[in-house]
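Source file: upload-v2.txt (compact mmCIF, C-alpha atoms)
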# COMPACT_ATOMS: atom_id res chain seq x y z
CA MET A 1 202.33 -127.14 -87.79
CA ASP A 2 200.23 -125.24 -85.27
CA THR A 3 201.46 -121.86 -86.48
CA GLN A 4 199.14 -120.25 -88.99
CA ASN A 5 200.49 -118.34 -91.93
CA PRO A 6 199.01 -114.83 -91.76
CA SER A 7 199.85 -114.17 -95.37
CA ALA A 8 197.90 -117.15 -96.69
CA HIS A 9 194.80 -116.41 -98.69
CA ARG A 10 191.50 -117.09 -97.04
CA ARG A 11 189.43 -119.94 -98.31
CA PRO A 12 186.57 -118.62 -100.42
CA GLN A 13 183.21 -119.02 -98.73
CA SER A 14 180.14 -120.23 -100.51
CA ARG A 15 177.36 -117.66 -101.02
CA ILE A 16 174.55 -118.02 -98.52
CA GLY A 17 171.21 -118.65 -100.19
CA GLY A 18 168.77 -115.85 -99.78
CA LYS A 19 171.24 -112.95 -100.02
CA SER A 20 170.60 -110.55 -102.84
CA HIS A 21 172.78 -110.74 -105.91
CA PRO A 22 172.88 -107.98 -108.56
CA PHE A 23 172.58 -110.43 -111.45
CA GLN A 24 170.77 -113.41 -109.97
CA ARG A 25 167.53 -113.54 -107.97
CA PRO A 26 167.21 -116.38 -105.46
CA ARG A 27 164.35 -118.71 -106.11
CA ALA A 28 161.87 -119.41 -103.33
CA ASN A 29 162.04 -122.82 -101.72
CA ALA A 30 158.92 -124.52 -102.95
CA HIS A 31 157.28 -127.02 -100.65
CA PRO A 32 157.21 -130.51 -102.16
CA THR A 33 153.52 -131.00 -101.23
CA GLY A 34 152.39 -127.77 -102.87
CA GLY A 35 151.62 -125.75 -99.70
CA VAL A 36 151.99 -122.03 -99.14
CA THR A 37 155.26 -120.43 -100.27
CA HIS A 38 156.23 -117.13 -98.63
CA ASP A 39 157.90 -114.30 -100.51
CA ASN A 40 158.69 -111.99 -97.59
CA ALA A 41 160.51 -108.68 -97.48
CA ARG A 42 161.56 -106.84 -94.32
CA HIS A 43 159.42 -103.82 -93.44
CA THR A 44 161.21 -100.69 -92.27
CA THR A 45 158.27 -98.24 -92.02
CA ARG A 46 154.48 -98.37 -91.58
CA PHE A 47 154.09 -101.88 -90.21
CA THR A 48 152.21 -103.51 -87.32
CA VAL A 49 153.26 -106.57 -85.30
CA ILE A 50 150.43 -109.13 -85.05
CA GLY A 51 150.77 -112.24 -82.92
CA ASN A 52 150.03 -115.68 -84.30
CA HIS A 53 147.66 -116.25 -81.39
CA LEU A 54 145.37 -113.73 -83.10
CA ALA A 55 146.13 -114.41 -86.77
CA GLN A 56 145.68 -118.19 -86.28
CA HIS A 57 142.96 -118.14 -83.62
CA GLU A 58 140.83 -121.27 -83.75
CA ASP A 59 137.61 -119.80 -82.36
CA LEU A 60 137.51 -116.37 -83.99
CA SER A 61 135.93 -115.85 -87.37
CA LEU A 62 137.90 -114.51 -90.30
CA LEU A 63 136.03 -111.20 -90.10
CA ALA A 64 136.89 -110.82 -86.41
CA ILE A 65 140.59 -111.59 -87.04
CA GLY A 66 140.79 -109.10 -89.90
CA LEU A 67 138.95 -106.46 -87.90
CA ALA A 68 141.33 -106.94 -84.95
CA CYS A 69 144.35 -106.54 -87.25
CA HIS A 70 142.86 -103.35 -88.69
CA ILE A 71 142.13 -101.91 -85.23
CA GLN A 72 145.66 -102.67 -83.96
CA SER A 73 147.13 -100.86 -86.98
CA LEU A 74 145.22 -97.63 -86.29
CA PRO A 75 146.79 -94.73 -84.36
CA THR A 76 145.62 -93.69 -80.92
CA GLY A 77 142.42 -91.68 -81.04
CA ALA A 78 141.09 -93.14 -84.28
CA ALA A 79 137.33 -93.75 -84.43
CA ILE A 80 136.48 -97.47 -84.26
CA ASP A 81 132.79 -97.28 -83.52
CA ILE A 82 130.37 -99.40 -85.51
CA LYS A 83 129.23 -96.56 -87.79
CA SER A 84 132.79 -95.57 -88.71
CA LEU A 85 133.81 -99.18 -89.43
CA ALA A 86 130.65 -99.81 -91.47
CA ALA A 87 131.43 -96.72 -93.56
CA ARG A 88 135.02 -97.90 -94.09
CA PHE A 89 134.34 -101.55 -95.04
CA PRO A 90 131.69 -103.19 -97.23
CA GLU A 91 130.40 -105.36 -94.37
CA GLY A 92 127.24 -104.15 -92.71
CA ALA A 93 126.82 -102.82 -89.19
CA ALA A 94 125.32 -106.10 -87.93
CA ARG A 95 128.32 -108.20 -89.03
CA ILE A 96 130.81 -105.68 -87.66
CA ALA A 97 128.96 -105.58 -84.31
CA ALA A 98 129.06 -109.40 -84.15
CA ALA A 99 132.82 -109.40 -84.86
CA LEU A 100 133.40 -106.81 -82.11
CA ARG A 101 131.47 -109.01 -79.68
CA GLU A 102 133.71 -111.96 -80.60
CA LEU A 103 136.85 -109.92 -79.91
CA GLU A 104 135.40 -108.69 -76.63
CA ALA A 105 134.50 -112.24 -75.55
CA HIS A 106 138.07 -113.49 -76.20
CA GLY A 107 139.76 -110.52 -74.50
CA TYR A 108 141.06 -108.70 -77.58
CA LEU A 109 138.76 -105.74 -76.91
CA ARG A 110 137.47 -103.90 -73.85
CA ARG A 111 134.53 -101.51 -74.05
CA THR A 112 133.46 -99.31 -71.15
CA ARG A 113 130.83 -96.61 -70.91
CA GLU A 114 131.73 -93.20 -69.50
CA ARG A 115 129.79 -90.01 -68.95
CA THR A 116 131.33 -86.78 -70.20
CA ALA A 117 131.19 -83.40 -68.49
CA GLU A 118 128.31 -82.41 -70.77
CA GLY A 119 126.27 -85.40 -69.59
CA ARG A 120 126.65 -87.47 -72.77
CA ILE A 121 127.37 -91.21 -72.50
CA ILE A 122 130.27 -92.36 -74.71
CA THR A 123 131.77 -95.81 -75.27
CA ARG A 124 135.56 -96.09 -74.81
CA THR A 125 137.16 -98.97 -76.73
CA VAL A 126 140.59 -100.36 -75.73
CA PRO A 127 142.11 -103.03 -78.03
CA CYS A 128 144.51 -105.58 -76.51
CA ASN A 129 147.23 -107.28 -78.57
CA GLN A 130 147.97 -109.86 -75.84
CA PRO A 131 144.89 -110.48 -73.68
CA LYS A 132 146.47 -113.35 -71.72
CA ARG A 133 149.44 -111.20 -70.72
CA ALA A 134 147.15 -108.36 -69.64
CA ARG A 135 145.14 -110.80 -67.52
CA THR A 136 148.33 -112.22 -65.96
CA THR A 137 149.64 -108.73 -65.19
CA ASP A 138 146.42 -107.85 -63.40
CA ASP A 139 146.65 -111.04 -61.36
CA THR A 140 150.25 -110.28 -60.29
CA ARG A 141 149.37 -106.75 -59.23
CA THR A 142 146.48 -107.85 -57.05
CA PRO A 143 147.68 -110.28 -54.32
CA ARG A 144 145.32 -113.03 -53.36
CA PRO A 145 143.71 -112.61 -49.95
CA GLY A 146 145.29 -114.78 -47.27
CA ALA A 147 148.49 -115.54 -49.24
CA PRO A 148 151.68 -115.64 -47.06
CA SER A 149 154.05 -112.73 -47.61
CA ALA A 150 157.25 -114.70 -46.93
CA PRO A 151 158.19 -118.41 -47.07
CA THR A 152 157.80 -120.33 -43.83
CA PRO A 153 161.16 -121.38 -42.29
CA GLU A 154 161.87 -125.06 -41.82
CA GLY A 155 160.73 -126.50 -38.52
CA ALA A 156 158.19 -123.79 -37.88
CA PRO A 157 154.49 -124.66 -37.95
CA PRO A 158 152.80 -123.48 -41.12
CA GLU A 159 150.82 -120.33 -40.77
CA ARG A 160 147.13 -120.70 -41.13
CA PRO A 161 145.64 -118.47 -43.79
CA ALA A 162 143.42 -115.71 -42.56
CA PRO A 163 139.73 -116.48 -42.84
CA ARG A 164 138.32 -115.19 -46.07
CA GLN A 165 135.80 -112.46 -45.51
CA ASN A 166 132.74 -112.19 -47.62
CA PRO A 167 132.96 -109.09 -49.79
CA THR A 168 130.38 -106.43 -49.20
CA PRO A 169 127.73 -106.71 -51.91
CA ARG A 170 127.58 -103.74 -54.19
CA ARG A 171 124.52 -101.62 -53.96
CA PRO A 172 122.76 -101.10 -57.26
CA ARG A 173 123.17 -97.60 -58.59
CA ALA A 174 120.10 -95.43 -58.34
CA LEU A 175 118.20 -94.75 -61.52
CA PRO A 176 118.09 -91.19 -62.89
CA ASP A 177 115.06 -89.08 -62.12
CA VAL A 178 112.20 -89.02 -64.61
CA PRO A 179 109.69 -86.25 -65.37
CA LYS A 180 106.65 -86.03 -63.11
CA PRO A 181 103.13 -85.51 -64.47
CA ALA A 182 101.05 -82.54 -63.38
CA TYR A 183 98.14 -84.76 -62.32
CA THR A 184 98.44 -88.41 -61.41
CA SER A 185 95.62 -90.87 -61.46
CA PRO A 186 95.60 -94.66 -61.06
CA ALA A 187 94.24 -95.09 -64.59
CA VAL A 188 97.08 -93.07 -66.18
CA LEU A 189 99.75 -94.86 -64.13
CA GLN A 190 98.25 -98.21 -65.09
CA ALA A 191 98.38 -97.24 -68.79
CA ALA A 192 102.02 -96.11 -68.35
CA THR A 193 102.94 -99.44 -66.72
CA GLU A 194 101.35 -101.34 -69.60
CA VAL A 195 103.42 -99.31 -72.08
CA LEU A 196 106.63 -100.19 -70.22
CA ALA A 197 105.68 -103.87 -70.01
CA SER A 198 105.06 -104.02 -73.76
CA LEU A 199 108.53 -102.69 -74.67
CA ARG A 200 110.09 -106.16 -74.44
CA ARG A 201 107.95 -107.20 -77.40
CA GLU A 202 109.70 -104.53 -79.48
CA ASP A 203 113.20 -105.49 -78.26
CA PRO A 204 114.04 -108.26 -75.72
CA ARG A 205 116.78 -106.05 -74.26
CA LEU A 206 114.10 -103.72 -72.84
CA LEU A 207 112.94 -106.27 -70.25
CA LEU A 208 112.28 -104.36 -67.01
CA SER A 209 111.70 -105.45 -63.45
CA ALA A 210 108.67 -104.44 -61.43
CA ALA A 211 110.72 -101.92 -59.40
CA ASP A 212 112.10 -100.32 -62.57
CA ALA A 213 108.61 -100.10 -64.09
CA ASP A 214 107.29 -98.37 -60.95
CA HIS A 215 110.15 -95.86 -61.13
CA LEU A 216 109.62 -95.11 -64.85
CA ALA A 217 105.80 -95.05 -64.81
CA PRO A 218 105.51 -91.34 -63.76
CA GLY A 219 107.79 -90.37 -66.66
CA VAL A 220 105.58 -92.21 -69.16
CA ALA A 221 102.51 -90.60 -67.56
CA ALA A 222 104.11 -87.18 -68.19
CA TRP A 223 104.30 -88.09 -71.88
CA LEU A 224 100.70 -89.31 -71.96
CA GLU A 225 99.38 -86.04 -70.52
CA ARG A 226 100.91 -84.26 -73.54
CA ASP A 227 98.21 -85.69 -75.83
CA LEU A 228 100.35 -88.66 -76.95
CA THR A 229 98.90 -92.10 -77.48
CA PRO A 230 100.46 -95.17 -75.84
CA THR A 231 101.50 -96.39 -79.29
CA ALA A 232 103.41 -93.15 -79.96
CA VAL A 233 105.18 -93.35 -76.58
CA ARG A 234 106.09 -96.99 -77.18
CA ARG A 235 107.52 -96.15 -80.60
CA ALA A 236 109.54 -93.21 -79.24
CA LEU A 237 111.14 -95.38 -76.53
CA SER A 238 111.93 -98.44 -78.66
CA THR A 239 113.05 -96.86 -81.97
CA GLY A 240 116.69 -96.17 -82.80
CA LEU A 241 118.24 -98.36 -80.11
CA PRO A 242 122.05 -98.77 -80.14
CA LEU A 243 123.51 -102.00 -81.50
CA GLU A 244 125.60 -102.46 -78.37
CA PRO A 245 124.20 -104.50 -75.47
CA LEU A 246 122.12 -102.51 -72.98
CA VAL A 247 123.67 -103.05 -69.56
CA ARG A 248 121.04 -100.97 -67.72
CA PRO A 249 117.90 -100.69 -69.86
CA ALA A 250 116.01 -98.85 -67.11
CA ALA A 251 118.66 -96.10 -66.96
CA PHE A 252 118.61 -95.85 -70.76
CA LEU A 253 114.81 -95.41 -70.79
CA ALA A 254 115.00 -92.86 -67.97
CA HIS A 255 117.47 -90.81 -70.03
CA ARG A 256 115.18 -90.94 -73.07
CA LEU A 257 112.12 -89.96 -71.06
CA THR A 258 113.95 -86.90 -69.74
CA ALA A 259 115.94 -85.82 -72.81
CA ASN A 260 113.16 -86.32 -75.40
CA LEU A 261 110.23 -85.04 -73.35
CA PRO A 262 107.86 -83.24 -75.77
CA PRO A 263 106.42 -79.82 -74.84
CA LEU A 264 102.94 -79.34 -73.52
CA PRO A 265 100.26 -78.83 -76.16
CA PRO A 266 99.05 -75.25 -76.67
CA PRO A 267 95.82 -74.34 -74.90
CA GLY A 268 92.87 -74.64 -77.25
CA PRO A 269 89.32 -73.29 -77.11
CA PRO A 270 87.11 -74.74 -74.39
CA ARG A 271 85.18 -77.74 -75.47
CA GLN A 272 81.48 -77.08 -75.92
CA THR A 273 79.09 -79.63 -74.58
CA PRO A 274 76.76 -80.78 -77.35
CA PRO A 275 73.07 -80.23 -76.64
CA PRO A 276 71.15 -83.28 -75.49
CA PRO A 277 69.14 -85.06 -78.16
CA PRO A 278 65.40 -84.26 -78.26
CA LEU A 279 63.16 -86.43 -76.20
CA ARG A 280 61.49 -89.06 -78.34
CA HIS A 281 58.49 -90.82 -76.82
CA PRO A 282 57.86 -94.46 -77.60
CA LEU A 283 55.17 -95.55 -80.01
CA ARG A 284 51.89 -96.50 -78.31
CA ASN A 285 48.30 -97.33 -79.22
CA CYS A 286 45.51 -95.07 -78.03
CA ASP A 287 43.01 -96.70 -75.69
CA SER A 288 40.13 -94.69 -77.17
CA CYS A 289 40.66 -94.75 -80.94
CA ASP A 290 43.30 -97.51 -81.13
CA HIS A 291 45.55 -95.33 -83.31
CA ALA A 292 49.35 -95.33 -82.96
CA TYR A 293 50.82 -92.16 -81.51
CA ARG A 294 53.85 -90.71 -79.68
CA GLY A 295 53.18 -88.58 -76.69
CA PRO A 296 53.61 -88.24 -72.96
CA ASP A 297 50.18 -89.65 -72.18
CA PRO A 298 50.50 -93.44 -72.13
CA HIS A 299 46.75 -94.04 -72.65
CA ARG A 300 45.25 -91.50 -75.07
CA CYS A 301 46.56 -89.81 -78.18
CA PRO A 302 46.73 -86.00 -78.30
CA GLY A 303 43.45 -85.89 -80.32
CA CYS A 304 41.50 -87.88 -77.77
CA ALA A 305 43.13 -86.18 -74.80
CA ALA A 306 42.37 -82.64 -76.04
CA PRO A 307 39.17 -81.18 -74.56
CA LYS A 308 36.37 -81.06 -77.06
CA ASP A 309 34.21 -77.99 -77.46
CA PRO A 310 30.58 -78.40 -76.44
CA PRO A 311 28.17 -78.61 -79.36
CA GLU A 312 26.52 -75.34 -80.35
CA ARG A 313 22.89 -74.92 -79.57
Re-express the file's structure as structure tokens.
Amino acid sequence: MDTQNPSAHRRPQSRIGGKSHPFQRPRANAHPTGGVTHDNARHTTRFTVIGNHLAQHEDLSLLAIGLACHIQSLPTGAAIDIKSLAARFPEGAARIAAALRELEAHGYLRRTRERTAEGRIITRTVPCNQPKRARTTDDTRTPRPGAPSAPTPEGAPPERPAPRQNPTPRRPRALPDVPKPAYTSPAVLQAATEVLASLRREDPRLLLSAADADHLAPGVAAWLERDLTPTAVRRALSTGLPLEPLVRPAAFLAHRLTANLPPLPPPGPPRQTPPPPPLRHPLRNCDSCDHAYRGPDPHRCPGCAAPKDPPER
């Protein structure tokens, strides 16, 4: 009974649902409550793997999720700055910038500023498909200070962790140099400081400290000595700001003061001093004839003060 007959026909197997049939198309399994019904087909080319932690994120907006999926599908080196994305999609630059900030806050995007060999400042954007894994990998590479390198054997006293040393505070990076005026005066420097203090009214990101204002004041004074009004200087410094957050507004203003410095005005003809107005004496009454007159003599009019000829004999 245990011996199998090799010549016996195999039992026919039932067709597995979902396999393609040349004459019959399998119907999708509809959910009884009327929910979503998937009609999926396997991709073999031109596809991108997106995690459900991104596609079903509870805190990200729908625009941020869609933008992250689009960025992850792009090849390396593609332009994903705000202007390029605003030209590609119907959403405006403000909404795209807000979505990029959401992705950056949740770890799906990293943006760093770098200076090229030509001196230009560019923004490098690195998208992350698994931000939690990237954070865990960084934690495993960097050992915690004071952690034991090997387990303590039984019976041995536990090793005390090394005292944690306070890290050396980072020194703030020095600001770039600014143009110097040909002649400095306290009045011009005071006007330049007032221009810098008023920039925060144009954009709150241009809030400067007192030390930054003292460093940038000579550069603004160099602009003022080129026959520019404080209003024109304020407009030149606060117009056309980038939509990205300004990490160092003082360094940004120093770059603008140096790169956009206008030329000196051409020498014009010497200014001629206008002649002084003619001397006009006040109106007085003559002590002799009691007539009103204007003259240098405060007591007698010119007629009474003039010498009279003696009568002819």
Given all atoms listed in the file as the counted atoms, nearest of A:Leu246, A:Leu264, A:Leu103, A:Ile71 to A:His57 = A:Leu103
Near-stretch 41-55 of chain A list (10 Å; only C-alpha atoms; drop same-chain fewer than 3 positions) as a ChimeraX atom specification = /A:38,58-60,62,64-66,68-70,72-74,103,108,129-131
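Using all atoms listed in the file for every distance, the candidate list A:Lys83, A:Arg201, A:His291, A:Arg120 yields A:Arg120 as the residue closest to A:Ala259.
Shortest atom-to-atom contact with A:Arg248 among A:Asp39, A:Asp212, A:Glu202, A:Glu225: A:Asp212, counting only C-alpha atoms.
Across the model, the gap from atom CA of A:Leu283 to atom CA of A:Gly295 is 8.0 Å.
You will find atom CA of A:Ala210 at 22.8 Å from atom CA of A:Leu261.
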Contacts of A:Arg173 at 12 Å or less, counting all atoms listed in the file, minus same-chain residues fewer than 3 places along, as a PyMOL selection string?
-> chain A and resi 170+176+248+250-251
Distance query 10 Å from (139.9, -96.2, -74.9) using only C-alpha atoms, result as an NGL selection string | :A and (76-78 or 109-113 or 123-127)
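Coordinates place atom CA of A:Leu216 at a distance of 9.9 Å from atom CA of A:Leu189.
Closest approach to A:Ala213 among A:Pro249, A:Pro230, A:Pro90, A:Pro307 is made by A:Pro249 (distances from all atoms listed in the file).
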To box stretch 268-277 of chain A, take all atoms listed in the file, fit an axis-aligned box, add 6 Å on each side, and give centre and edge lengths in Å to one decimal, as lines of an AutoDock Vina configuration file.
center_x = 81.0
center_y = -79.2
center_z = -76.3
size_x = 35.7
size_y = 23.8
size_z = 15.8
Taking into account only C-alpha atoms, which residue in the set A:Arg235, A:Asp214, A:Pro278, A:Asp81 is nearest to A:Ile96?
-> A:Asp81
